[in-house]
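Below is the file entry-v9.pdb, which contains PDB, C-alpha atoms.
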```pdb
MODEL        1
ATOM      1  CA  MET A  72       0.000   0.000   0.000
ATOM      2  CA  MET A  73       2.779   2.440   0.935
ATOM      3  CA  GLY A  74       4.524   1.691  -2.353
ATOM      4  CA  LYS A  75       1.416   2.605  -4.341
ATOM      5  CA  LEU A  76       0.916   5.823  -2.406
ATOM      6  CA  ALA A  77       4.567   6.800  -2.907
ATOM      7  CA  TYR A  78       4.325   6.081  -6.619
ATOM      8  CA  TYR A  79       1.118   8.001  -7.331
ATOM      9  CA  LEU A  80       1.394  10.821  -4.785
ATOM     10  CA  LEU A  81       5.153  11.462  -4.765
ATOM     11  CA  ILE A  82       7.286   9.860  -7.480
ATOM     12  CA  ILE A  83       5.087  10.531 -10.518
ATOM     13  CA  PRO A  84       4.137  14.116  -9.552
ATOM     14  CA  VAL A  85       7.796  14.908  -8.834
ATOM     15  CA  SER A  86       8.844  13.438 -12.200
ATOM     16  CA  TYR A  87       6.793  16.106 -13.989
ATOM     17  CA  LEU A  88       8.956  18.855 -12.508
ATOM     18  CA  PRO A  89      11.472  20.505 -14.881
ATOM     19  CA  MET A  90      14.969  19.014 -14.811
ATOM     20  CA  PRO A  91      16.560  22.158 -13.254
ATOM     21  CA  VAL A  92      14.141  21.863 -10.313
ATOM     22  CA  LEU A  93      14.873  18.154  -9.893
ATOM     23  CA  TYR A  94      18.585  18.937  -9.897
ATOM     24  CA  LEU A  95      18.029  21.437  -7.046
ATOM     25  CA  PHE A  96      16.602  18.608  -4.914
ATOM     26  CA  THR A  97      19.422  16.226  -5.783
ATOM     27  CA  ASP A  98      22.078  18.924  -5.294
ATOM     28  CA  PHE A  99      20.912  19.080  -1.680
ATOM     29  CA  PHE A 100      20.902  15.290  -1.487
ATOM     30  CA  TYR A 101      24.480  15.267  -2.790
ATOM     31  CA  LEU A 102      25.561  17.440   0.152
ATOM     32  CA  LEU A 103      23.837  14.999   2.512
ATOM     33  CA  LEU A 104      25.693  12.068   0.951
ATOM     34  CA  LEU A 105      29.003  13.834   1.496
ATOM     35  CA  THR A 106      28.220  14.664   5.110
ATOM     36  CA  ALA A 107      25.340  13.019   6.980
ATOM     37  CA  VAL A 108      24.123  10.093   4.838
ATOM     38  CA  PRO A 109      26.988   7.668   4.116
ATOM     39  CA  TYR A 110      25.109   5.649   1.485
ATOM     40  CA  ARG A 111      27.061   2.393   0.992
ATOM     41  CA  ARG A 112      30.267   4.305   1.575
ATOM     42  CA  THR A 113      32.103   1.214   2.789
ATOM     43  CA  VAL A 114      31.196  -0.646  -0.414
ATOM     44  CA  VAL A 115      32.068   2.338  -2.619
ATOM     45  CA  ARG A 116      35.479   2.833  -1.002
ATOM     46  CA  ALA A 117      36.362  -0.850  -1.046
ATOM     47  CA  ASN A 118      35.433  -1.162  -4.726
ATOM     48  CA  ILE A 119      37.458   1.899  -5.706
ATOM     49  CA  ASN A 120      40.454   0.868  -3.574
ATOM     50  CA  ASN A 121      40.573  -2.629  -5.020
ATOM     51  CA  SER A 122      40.022  -1.463  -8.595
ATOM     52  CA  PHE A 123      42.717   1.213  -8.559
ATOM     53  CA  PRO A 124      45.538   0.044  -6.268
ATOM     54  CA  ASP A 125      48.020   2.372  -7.982
ATOM     55  CA  LYS A 126      46.037   5.567  -7.453
ATOM     56  CA  THR A 127      46.806   7.880  -4.564
ATOM     57  CA  ALA A 128      44.445   8.379  -1.642
ATOM     58  CA  LYS A 129      43.641  11.835  -3.002
ATOM     59  CA  GLU A 130      42.756  10.449  -6.445
ATOM     60  CA  LYS A 131      40.511   7.781  -4.925
ATOM     61  CA  LYS A 132      38.777  10.376  -2.762
ATOM     62  CA  ARG A 133      38.120  12.476  -5.853
ATOM     63  CA  ILE A 134      36.551   9.487  -7.652
ATOM     64  CA  GLU A 135      34.346   8.823  -4.626
ATOM     65  CA  ARG A 136      33.185  12.437  -4.405
ATOM     66  CA  GLN A 137      32.510  12.652  -8.151
ATOM     67  CA  PHE A 138      30.666   9.339  -8.007
ATOM     68  CA  TYR A 139      28.183  10.685  -5.464
ATOM     69  CA  ARG A 140      27.706  13.770  -7.652
ATOM     70  CA  TYR A 141      26.940  11.458 -10.590
ATOM     71  CA  LEU A 142      24.666   9.246  -8.464
ATOM     72  CA  THR A 143      22.439  12.148  -7.410
ATOM     73  CA  ASP A 144      22.181  13.388 -11.005
ATOM     74  CA  LEU A 145      21.220   9.848 -12.015
ATOM     75  CA  LEU A 146      18.481   9.893  -9.370
ATOM     76  CA  ALA A 147      17.025  13.100 -10.826
ATOM     77  CA  GLU A 148      17.258  11.851 -14.402
ATOM     78  CA  SER A 149      15.811   8.414 -13.627
ATOM     79  CA  THR A 150      12.859  10.088 -11.913
ATOM     80  CA  LYS A 151      12.341  12.350 -14.919
ATOM     81  CA  ASN A 152      12.604   9.341 -17.217
ATOM     82  CA  LEU A 153       9.280   8.045 -15.869
ATOM     83  CA  THR A 154       7.303  10.818 -17.572
ATOM     84  CA  ILE A 155       9.671  12.472 -20.047
ATOM     85  CA  SER A 156       8.145  13.026 -23.489
ATOM     86  CA  LYS A 157       9.405  11.276 -26.604
ATOM     87  CA  HIS A 158      10.479  14.608 -28.090
ATOM     88  CA  LYS A 159      12.515  15.649 -25.040
ATOM     89  CA  LEU A 160      14.078  12.205 -24.658
ATOM     90  CA  ARG A 161      15.288  12.299 -28.261
ATOM     91  CA  LYS A 162      16.984  15.619 -27.498
ATOM     92  CA  ARG A 163      18.696  14.220 -24.417
ATOM     93  CA  PHE A 164      19.915  10.923 -25.851
ATOM     94  CA  THR A 165      21.552  10.446 -29.250
ATOM     95  CA  VAL A 166      23.745   7.925 -31.092
ATOM     96  CA  LYS A 167      27.256   8.958 -32.097
ATOM     97  CA  ASN A 168      27.770   6.339 -34.841
ATOM     98  CA  PRO A 169      24.368   4.876 -35.828
ATOM     99  CA  GLU A 170      25.717   3.477 -39.112
ATOM    100  CA  LEU A 171      26.883   0.284 -37.389
ATOM    101  CA  MET A 172      23.358  -0.671 -36.344
ATOM    102  CA  GLN A 173      21.904   0.612 -39.605
ATOM    103  CA  LYS A 174      24.091  -1.768 -41.594
ATOM    104  CA  LEU A 175      23.143  -4.736 -39.400
ATOM    105  CA  PHE A 176      19.452  -3.886 -39.787
ATOM    106  CA  LYS A 177      19.827  -3.612 -43.551
ATOM    107  CA  ASN A 178      21.293  -7.136 -43.503
ATOM    108  CA  LYS A 179      18.280  -8.265 -41.416
ATOM    109  CA  GLU A 180      20.498  -9.376 -38.534
ATOM    110  CA  ASN A 181      19.337  -9.605 -34.933
ATOM    111  CA  VAL A 182      21.818  -8.075 -32.495
ATOM    112  CA  LEU A 183      22.944  -8.472 -28.888
ATOM    113  CA  LEU A 184      23.693  -5.061 -27.343
ATOM    114  CA  VAL A 185      25.963  -5.408 -24.305
ATOM    115  CA  SER A 186      27.080  -2.781 -21.824
ATOM    116  CA  GLY A 187      27.050  -1.923 -18.128
ATOM    117  CA  HIS A 188      25.605   0.449 -15.559
ATOM    118  CA  TYR A 189      27.548   3.463 -16.717
ATOM    119  CA  ASN A 190      26.212   7.020 -16.998
ATOM    120  CA  ASN A 191      22.438   6.984 -17.651
ATOM    121  CA  TRP A 192      21.213   3.544 -18.726
ATOM    122  CA  GLU A 193      17.573   4.336 -17.864
ATOM    123  CA  PHE A 194      17.357   6.954 -20.620
ATOM    124  CA  PHE A 195      18.744   4.378 -23.049
ATOM    125  CA  LEU A 196      16.307   1.656 -21.949
ATOM    126  CA  THR A 197      13.387   3.955 -22.666
ATOM    127  CA  ALA A 198      14.868   5.443 -25.849
ATOM    128  CA  GLN A 199      16.312   2.334 -27.530
ATOM    129  CA  ASP A 200      13.346   1.751 -29.829
ATOM    130  CA  LEU A 201      13.535   5.398 -30.892
ATOM    131  CA  LEU A 202      17.259   5.280 -31.641
ATOM    132  CA  PHE A 203      17.517   2.173 -33.842
ATOM    133  CA  GLU A 204      15.450   0.529 -36.551
ATOM    134  CA  HIS A 205      15.780  -2.780 -34.714
ATOM    135  CA  LYS A 206      12.892  -3.696 -32.449
ATOM    136  CA  ALA A 207      14.049  -2.972 -28.884
ATOM    137  CA  VAL A 208      14.209  -5.795 -26.340
ATOM    138  CA  GLY A 209      15.601  -5.641 -22.806
ATOM    139  CA  VAL A 210      16.379  -8.506 -20.441
ATOM    140  CA  GLY A 211      16.113  -7.876 -16.725
ATOM    141  CA  LYS A 212      15.647  -9.402 -13.321
ATOM    142  CA  PRO A 213      12.175  -8.791 -11.819
ATOM    143  CA  LEU A 214      12.083  -6.274  -8.975
ATOM    144  CA  SER A 215      11.259  -7.667  -5.541
ATOM    145  CA  SER A 216       7.992  -5.695  -5.493
ATOM    146  CA  ALA A 217       5.498  -6.901  -8.098
ATOM    147  CA  PHE A 218       3.844  -3.463  -8.076
ATOM    148  CA  TRP A 219       7.056  -1.544  -8.741
ATOM    149  CA  ASP A 220       8.207  -4.099 -11.302
ATOM    150  CA  LYS A 221       4.980  -3.681 -13.282
ATOM    151  CA  LYS A 222       4.951   0.117 -13.084
ATOM    152  CA  ILE A 223       8.637   0.728 -13.818
ATOM    153  CA  ASN A 224       8.689  -1.659 -16.775
ATOM    154  CA  ALA A 225       5.480  -0.153 -18.164
ATOM    155  CA  ARG A 226       7.225   3.232 -18.146
ATOM    156  CA  ARG A 227      10.299   1.760 -19.806
ATOM    157  CA  GLU A 228       8.141   0.153 -22.496
ATOM    158  CA  ARG A 229       6.009   3.159 -23.420
ATOM    159  CA  PHE A 230       8.060   4.055 -26.517
ATOM    160  CA  GLY A 231       8.430   0.536 -27.901
ATOM    161  CA  MET A 232      10.879  -1.316 -25.660
ATOM    162  CA  GLN A 233       9.874  -4.882 -24.721
ATOM    163  CA  VAL A 234      11.180  -6.011 -21.323
ATOM    164  CA  ILE A 235      11.703  -9.753 -20.895
ATOM    165  CA  HIS A 236      12.221 -11.251 -17.466
ATOM    166  CA  ARG A 237      14.655 -14.110 -17.119
ATOM    167  CA  LYS A 238      11.964 -16.497 -15.898
ATOM    168  CA  ASN A 239      10.108 -16.385 -19.237
ATOM    169  CA  PHE A 240      13.096 -15.531 -21.400
ATOM    170  CA  ASP A 241      13.267 -18.672 -23.583
ATOM    171  CA  GLU A 242       9.625 -18.550 -24.635
ATOM    172  CA  ARG A 243       9.625 -14.817 -25.406
ATOM    173  CA  PHE A 244      12.988 -14.948 -27.162
ATOM    174  CA  GLU A 245      11.989 -17.779 -29.492
ATOM    175  CA  LYS A 246       8.859 -15.857 -30.446
ATOM    176  CA  LEU A 247      10.938 -12.802 -31.334
ATOM    177  CA  ILE A 248      13.224 -14.928 -33.509
ATOM    178  CA  SER A 249      10.232 -16.310 -35.391
ATOM    179  CA  ASP A 250       9.072 -12.787 -36.295
ATOM    180  CA  SER A 251      10.461 -11.159 -39.406
ATOM    181  CA  THR A 252      11.484  -7.820 -37.869
ATOM    182  CA  PRO A 253      15.154  -7.707 -36.737
ATOM    183  CA  PHE A 254      15.508  -6.986 -33.029
ATOM    184  CA  ALA A 255      18.285  -5.810 -30.710
ATOM    185  CA  THR A 256      18.472  -7.317 -27.224
ATOM    186  CA  LEU A 257      19.920  -5.109 -24.485
ATOM    187  CA  LEU A 258      22.010  -6.917 -21.841
ATOM    188  CA  LEU A 259      23.638  -4.988 -18.986
ATOM    189  CA  VAL A 260      26.235  -7.513 -17.892
ATOM    190  CA  ASP A 261      28.337  -5.810 -15.212
ATOM    191  CA  GLN A 262      26.311  -6.800 -12.150
ATOM    192  CA  SER A 263      27.220  -9.546  -9.723
ATOM    193  CA  THR A 264      26.202 -12.933 -11.077
ATOM    194  CA  ALA A 265      23.623 -15.192  -9.442
ATOM    195  CA  ASP A 266      25.839 -18.299  -9.355
ATOM    196  CA  SER A 267      29.647 -18.333  -9.276
ATOM    197  CA  LEU A 268      29.666 -21.818 -10.808
ATOM    198  CA  LYS A 269      27.702 -20.641 -13.855
ATOM    199  CA  SER A 270      29.822 -17.558 -14.388
ATOM    200  CA  PHE A 271      32.742 -16.794 -16.651
ATOM    201  CA  TRP A 272      35.735 -15.844 -14.508
ATOM    202  CA  THR A 273      38.165 -13.252 -15.787
ATOM    203  CA  THR A 274      40.231 -10.295 -14.593
ATOM    204  CA  PHE A 275      38.251  -7.049 -14.429
ATOM    205  CA  LEU A 276      39.566  -3.890 -12.755
ATOM    206  CA  ASN A 277      42.489  -5.767 -11.196
ATOM    207  CA  GLN A 278      40.258  -8.415  -9.604
ATOM    208  CA  GLU A 279      39.195 -11.951 -10.426
ATOM    209  CA  THR A 280      35.585 -11.365 -11.405
ATOM    210  CA  ALA A 281      32.496 -13.475 -12.110
ATOM    211  CA  VAL A 282      30.869 -12.307 -15.348
ATOM    212  CA  ILE A 283      27.469 -13.226 -16.789
ATOM    213  CA  TYR A 284      28.235 -15.833 -19.449
ATOM    214  CA  GLY A 285      24.824 -16.022 -21.131
ATOM    215  CA  PRO A 286      25.429 -13.436 -23.880
ATOM    216  CA  GLU A 287      28.312 -15.416 -25.349
ATOM    217  CA  MET A 288      26.371 -18.681 -25.512
ATOM    218  CA  LEU A 289      23.300 -16.848 -26.823
ATOM    219  CA  ALA A 290      25.345 -15.218 -29.580
ATOM    220  CA  VAL A 291      26.867 -18.528 -30.689
ATOM    221  CA  LYS A 292      23.592 -20.442 -30.485
ATOM    222  CA  HIS A 293      21.713 -17.979 -32.707
ATOM    223  CA  ASN A 294      24.696 -16.509 -34.600
ATOM    224  CA  PHE A 295      23.808 -12.963 -33.517
ATOM    225  CA  PRO A 296      26.385 -10.177 -33.950
ATOM    226  CA  VAL A 297      27.448  -8.651 -30.621
ATOM    227  CA  VAL A 298      27.744  -4.875 -30.256
ATOM    228  CA  PHE A 299      29.154  -3.125 -27.188
ATOM    229  CA  PHE A 300      28.047   0.417 -26.410
ATOM    230  CA  HIS A 301      28.972   2.974 -23.821
ATOM    231  CA  THR A 302      27.244   6.182 -22.856
ATOM    232  CA  GLU A 303      29.142   9.455 -22.966
ATOM    233  CA  LYS A 304      27.996  12.531 -21.064
ATOM    234  CA  VAL A 305      27.621  15.521 -23.388
ATOM    235  CA  SER A 306      26.322  17.937 -20.754
ATOM    236  CA  ARG A 307      24.228  17.685 -17.613
ATOM    237  CA  GLY A 308      21.265  15.462 -18.512
ATOM    238  CA  HIS A 309      22.367  14.972 -22.119
ATOM    239  CA  TYR A 310      24.114  11.847 -23.430
ATOM    240  CA  SER A 311      25.404  10.191 -26.554
ATOM    241  CA  ILE A 312      26.207   6.521 -27.061
ATOM    242  CA  HIS A 313      29.143   5.095 -28.978
ATOM    243  CA  LEU A 314      28.885   1.657 -30.595
ATOM    244  CA  GLN A 315      31.706  -0.872 -31.000
ATOM    245  CA  LEU A 316      31.452  -4.194 -32.808
ATOM    246  CA  VAL A 317      32.536  -7.115 -30.612
ATOM    247  CA  THR A 318      31.994  -9.709 -33.324
ATOM    248  CA  LYS A 319      29.886 -10.149 -36.431
ATOM    249  CA  THR A 320      30.688 -13.869 -36.621
ATOM    250  CA  PRO A 321      30.257 -15.348 -33.108
ATOM    251  CA  ARG A 322      30.496 -18.942 -34.341
ATOM    252  CA  LYS A 323      34.043 -18.265 -35.492
ATOM    253  CA  THR A 324      35.172 -17.138 -32.045
ATOM    254  CA  GLU A 325      37.004 -19.192 -29.429
ATOM    255  CA  TRP A 326      35.656 -19.949 -25.961
ATOM    256  CA  GLY A 327      35.646 -16.810 -23.812
ATOM    257  CA  GLU A 328      36.624 -14.493 -26.646
ATOM    258  CA  ILE A 329      33.316 -12.607 -26.779
ATOM    259  CA  THR A 330      33.056 -12.238 -23.003
ATOM    260  CA  LYS A 331      36.668 -11.144 -22.531
ATOM    261  CA  THR A 332      36.313  -8.598 -25.333
ATOM    262  CA  HIS A 333      33.215  -6.814 -24.032
ATOM    263  CA  VAL A 334      34.515  -6.960 -20.442
ATOM    264  CA  LYS A 335      37.759  -5.299 -21.576
ATOM    265  CA  MET A 336      35.792  -2.658 -23.475
ATOM    266  CA  MET A 337      33.789  -1.894 -20.328
ATOM    267  CA  GLU A 338      36.948  -1.747 -18.242
ATOM    268  CA  ASN A 339      38.545   0.751 -20.634
ATOM    269  CA  VAL A 340      35.474   2.985 -20.461
ATOM    270  CA  ILE A 341      35.500   2.939 -16.650
ATOM    271  CA  LYS A 342      39.216   3.703 -16.480
ATOM    272  CA  GLU A 343      38.702   6.680 -18.780
ATOM    273  CA  ASN A 344      36.168   8.236 -16.380
ATOM    274  CA  PRO A 345      35.833   6.134 -13.198
ATOM    275  CA  SER A 346      33.279   8.266 -11.373
ATOM    276  CA  ARG A 347      30.386   7.465 -13.717
ATOM    277  CA  TRP A 348      30.127   3.742 -12.977
ATOM    278  CA  LEU A 349      27.890   2.276 -10.253
ATOM    279  CA  TRP A 350      30.476   1.799  -7.492
ATOM    280  CA  SER A 351      27.773   1.314  -4.838
ATOM    281  CA  HIS A 352      26.879  -2.088  -6.302
ATOM    282  CA  LYS A 353      28.390  -5.131  -4.541
ATOM    283  CA  ARG A 354      30.099  -6.268  -7.717
ATOM    284  CA  TRP A 355      32.611  -8.673  -6.191
ATOM    285  CA  LYS A 356      30.527 -10.551  -3.629
ATOM    286  CA  ARG A 357      30.877 -13.969  -5.314
ATOM    287  CA  GLU A 358      33.637 -16.247  -4.025
ATOM    288  CA  ILE A 359      36.092 -17.717  -6.499
ATOM    289  CA  PRO A 360      35.286 -21.434  -7.001
ATOM    290  CA  GLU A 361      37.837 -23.773  -5.456
ATOM    291  CA  ASP A 362      38.414 -25.732  -8.666
ATOM    292  CA  LEU A 363      38.366 -22.866 -11.159
ATOM    293  CA  VAL A 364      40.520 -24.748 -13.681
ATOM    294  CA  SER A 365      38.031 -27.618 -13.827
ATOM    295  CA  LEU A 366      35.104 -25.194 -14.146
ATOM    296  CA  LYS A 367      36.733 -23.449 -17.100
ATOM    297  CA  GLU A 368      37.432 -26.744 -18.819
ATOM    298  CA  LYS A 369      33.793 -27.786 -18.491
ATOM    299  CA  GLN A 370      32.631 -24.442 -19.856
ATOM    300  CA  LYS A 371      35.005 -24.743 -22.769
ATOM    301  CA  GLU A 372      33.720 -28.230 -23.569
ATOM    302  CA  LYS A 373      30.121 -27.015 -23.454
ATOM    303  CA  PHE A 374      30.979 -24.063 -25.695
ATOM    304  CA  ASN A 375      32.708 -26.263 -28.274
ATOM    305  CA  ALA A 376      29.823 -28.761 -28.190
ATOM    306  CA  LEU A 377      27.373 -25.946 -28.926
ATOM    307  CA  LYS A 378      29.500 -24.710 -31.811
ATOM    308  CA  LYS A 379      29.672 -28.228 -33.242
ATOM    309  CA  ALA A 380      25.894 -28.637 -32.937
ATOM    310  CA  VAL A 381      25.038 -25.375 -34.737
ATOM    311  CA  LEU A 382      27.687 -25.479 -37.477
TER     312      LEU A 382
ENDMDL
END
```

Please express what this file holds, its structure, as structure tokens.
Amino acid sequence: MMGKLAYYLLIIPVSYLPMPVLYLFTDFFYLLLLTAVPYRRTVVRANINNSFPDKTAKEKKRIERQFYRYLTDLLAESTKNLTISKHKLRKRFTVKNPELMQKLFKNKENVLLVSGHYNNWEFFLTAQDLLFEHKAVGVGKPLSSAFWDKKINARRERFGMQVIHRKNFDERFEKLISDSTPFATLLLVDQSTADSLKSFWTTFLNQETAVIYGPEMLAVKHNFPVVFFHTEKVSRGHYSIHLQLVTKTPRKTEWGEITKTHVKMMENVIKENPSRWLWSHKRWKREIPEDLVSLKEKQKEKFNALKKAVL
């Protein structure tokens, strides 16, 4: 009940406020985060320390401070995203090199779009169907509240995006494949994985890291090109995305090649501007499996068996 009241009486009315007014609220919140409200500060500091062991204490402190500035702007923009008009969203989010996706659409190829929680991903979720000719599809984990899950995803879908939950992914995905319109599936793959034994383990930001392995197997199974994108801040509340081809021929790749490539691309983006990644997320909470060598061998065998089956 409280969630419904907050949504209808607070969140939605506030989202109709102009962006400059929303920024005034979050500017105040930013000061609170720096002083009285230590939101996940222990997690943020540990993540930054472990990711950048060569940086000085002053440099790490600067990243932390700039991260909280970014986080409060993201709060304002994500709130605005719930009611922003199509026209205004198009002005705030653009594509730097759309020709890559245009060529893939012309060839009638379905695409896997991979990235992470960097800059403003909520704007992109809502705008994806407006930015590309491909039908927009997003894969996500259901929110713990059924009410909020339904409402937030309805807002994300209002301009054409289709959100697929993992629990009904196979059925929905096969239906999309059977349709004639090419589609692009958005996968944000930088969160902590659900199971360390089903993850791909690689080095990311100086740490052994469990990475979601599904995109690689999905790409090989269906022979979908994989495109990495990252969001660049143009000005406050305005963004542009840059596309990079990971592979156009996934069935010609070796085990782990696709995953290592997009993970490295994400790492390079974060290193370029560290403050605009979600450092408050508990990214490294999974323990490294005891027999990691054996796990990798089994994954490699499964990968090669899939390639053999589809070739």

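Nearest to Ala380 (chain A) of all the residues A:Leu76, A:Met90, A:Val291, A:Ile329 is A:Val291, counting only C-alpha atoms.
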
Using all atoms listed in the file, which residue out of A:Asp266, A:Lys206, A:Thr97, A:Asn168 lies closest to Asp250 (chain A)?
A:Lys206

Hey, what comes out of the PyMOL selection byres ((chain A and resi 212) around 8) on this file? Could you write it as a ChimeraX atom specification?
/A:210-211,213-214,236-237

If you keep C-alpha atoms, can you produce a file of those selected residues as a PDB file, in the coordinates of the input?
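Produced file result37.pdb, reproduced below:
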```
ATOM      1  CA  VAL A 210      16.379  -8.506 -20.441  1.00  0.00           C
ATOM      2  CA  GLY A 211      16.113  -7.876 -16.725  1.00  0.00           C
ATOM      3  CA  PRO A 213      12.175  -8.791 -11.819  1.00  0.00           C
ATOM      4  CA  LEU A 214      12.083  -6.274  -8.975  1.00  0.00           C
ATOM      5  CA  HIS A 236      12.221 -11.251 -17.466  1.00  0.00           C
ATOM      6  CA  ARG A 237      14.655 -14.110 -17.119  1.00  0.00           C
TER       7      ARG A 237
END
```

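Among A:Lys129, A:Lys151, A:Arg347, A:Arg354, the residue with the shortest atom-to-atom distance to Pro91 (chain A), counting all atoms listed in the file, is A:Lys151.
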
Neighbouring residues of Pro360 (chain A) were defined as those with any atom within 12 Å, considering only C-alpha atoms; residues of the same chain fewer than 6 positions away were excluded. Please report them as a compact mmCIF listing (two decimals) with C-alpha atoms, keeping the file's coordinate frame.
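Generated file (out.txt):
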```txt
# COMPACT_ATOMS: atom_id res chain seq x y z
CA ASP A 266 25.84 -18.30 -9.36
CA SER A 267 29.65 -18.33 -9.28
CA LEU A 268 29.67 -21.82 -10.81
CA LYS A 269 27.70 -20.64 -13.86
CA SER A 270 29.82 -17.56 -14.39
CA PHE A 271 32.74 -16.79 -16.65
CA TRP A 272 35.74 -15.84 -14.51
CA GLU A 279 39.20 -11.95 -10.43
CA THR A 280 35.58 -11.36 -11.40
CA ALA A 281 32.50 -13.48 -12.11
CA LEU A 366 35.10 -25.19 -14.15
CA LYS A 367 36.73 -23.45 -17.10
```

Go through A:Gly308, A:Ser122, A:Ala225, A:Gly187 and flag the residue nearest Tyr94 (chain A), using all atoms listed in the file for the distances.
A:Gly308

From the list A:Val185, A:Ile341, A:Leu81, A:Ala147, which residue is nearest Tyr284 (chain A) when using only C-alpha atoms?
A:Val185

In terms of all atoms listed in the file, the residue from A:Ala198, A:Val208, A:Leu175, A:Leu276 at minimal distance from Lys342 (chain A) is A:Leu276

For a test of reading the model, state the distance in Å between CA of Leu88 (chain A) and CA of His158 (chain A), rounded to one decimal.
16.2 Å

Expected selection from the PyMOL selection byres ((chain A and resi 118) around 9), given as a VMD selection string
chain A and resid 113 to 117 119 to 123 350 to 355

Atoms added to region 263-274 of chain A (N, CA, C and O atoms), reported as a short mmCIF file (atom, residue, chain, number, x, y, z; two decimals), keeping the file's coordinate frame:
```
data_model
loop_
_atom_site.label_atom_id
_atom_site.label_comp_id
_atom_site.auth_asym_id
_atom_site.auth_seq_id
_atom_site.Cartn_x
_atom_site.Cartn_y
_atom_site.Cartn_z
N SER A 263 26.79 -8.29 -10.32
CA SER A 263 27.22 -9.55 -9.72
C SER A 263 26.34 -10.68 -10.23
O SER A 263 25.13 -10.52 -10.38
N THR A 264 26.95 -11.81 -10.53
CA THR A 264 26.20 -12.93 -11.08
C THR A 264 25.44 -13.68 -9.98
O THR A 264 25.77 -13.59 -8.80
N ALA A 265 24.45 -14.45 -10.40
CA ALA A 265 23.62 -15.19 -9.44
C ALA A 265 24.33 -16.44 -8.91
O ALA A 265 24.10 -16.87 -7.79
N ASP A 266 25.20 -17.03 -9.72
CA ASP A 266 25.84 -18.30 -9.36
C ASP A 266 27.29 -18.28 -9.84
O ASP A 266 27.55 -18.20 -11.04
N SER A 267 28.23 -18.38 -8.91
CA SER A 267 29.65 -18.33 -9.28
C SER A 267 30.06 -19.51 -10.15
O SER A 267 31.02 -19.43 -10.92
N LEU A 268 29.32 -20.62 -10.03
CA LEU A 268 29.67 -21.82 -10.81
C LEU A 268 29.13 -21.77 -12.24
O LEU A 268 29.50 -22.58 -13.08
N LYS A 269 28.24 -20.81 -12.51
CA LYS A 269 27.70 -20.64 -13.86
C LYS A 269 28.23 -19.37 -14.52
O LYS A 269 27.72 -18.93 -15.53
N SER A 270 29.26 -18.81 -13.91
CA SER A 270 29.82 -17.56 -14.39
C SER A 270 31.09 -17.80 -15.20
O SER A 270 31.73 -18.85 -15.08
N PHE A 271 31.45 -16.80 -15.98
CA PHE A 271 32.74 -16.79 -16.65
C PHE A 271 33.67 -15.96 -15.78
O PHE A 271 33.38 -14.81 -15.47
N TRP A 272 34.80 -16.54 -15.39
CA TRP A 272 35.74 -15.84 -14.51
C TRP A 272 36.88 -15.25 -15.30
O TRP A 272 37.53 -15.93 -16.09
N THR A 273 37.09 -13.94 -15.08
CA THR A 273 38.16 -13.25 -15.79
C THR A 273 38.63 -12.08 -14.94
O THR A 273 37.99 -11.72 -13.93
N THR A 274 39.72 -11.46 -15.33
CA THR A 274 40.23 -10.30 -14.59
C THR A 274 39.53 -9.03 -15.07
O THR A 274 39.49 -8.75 -16.27
#
```
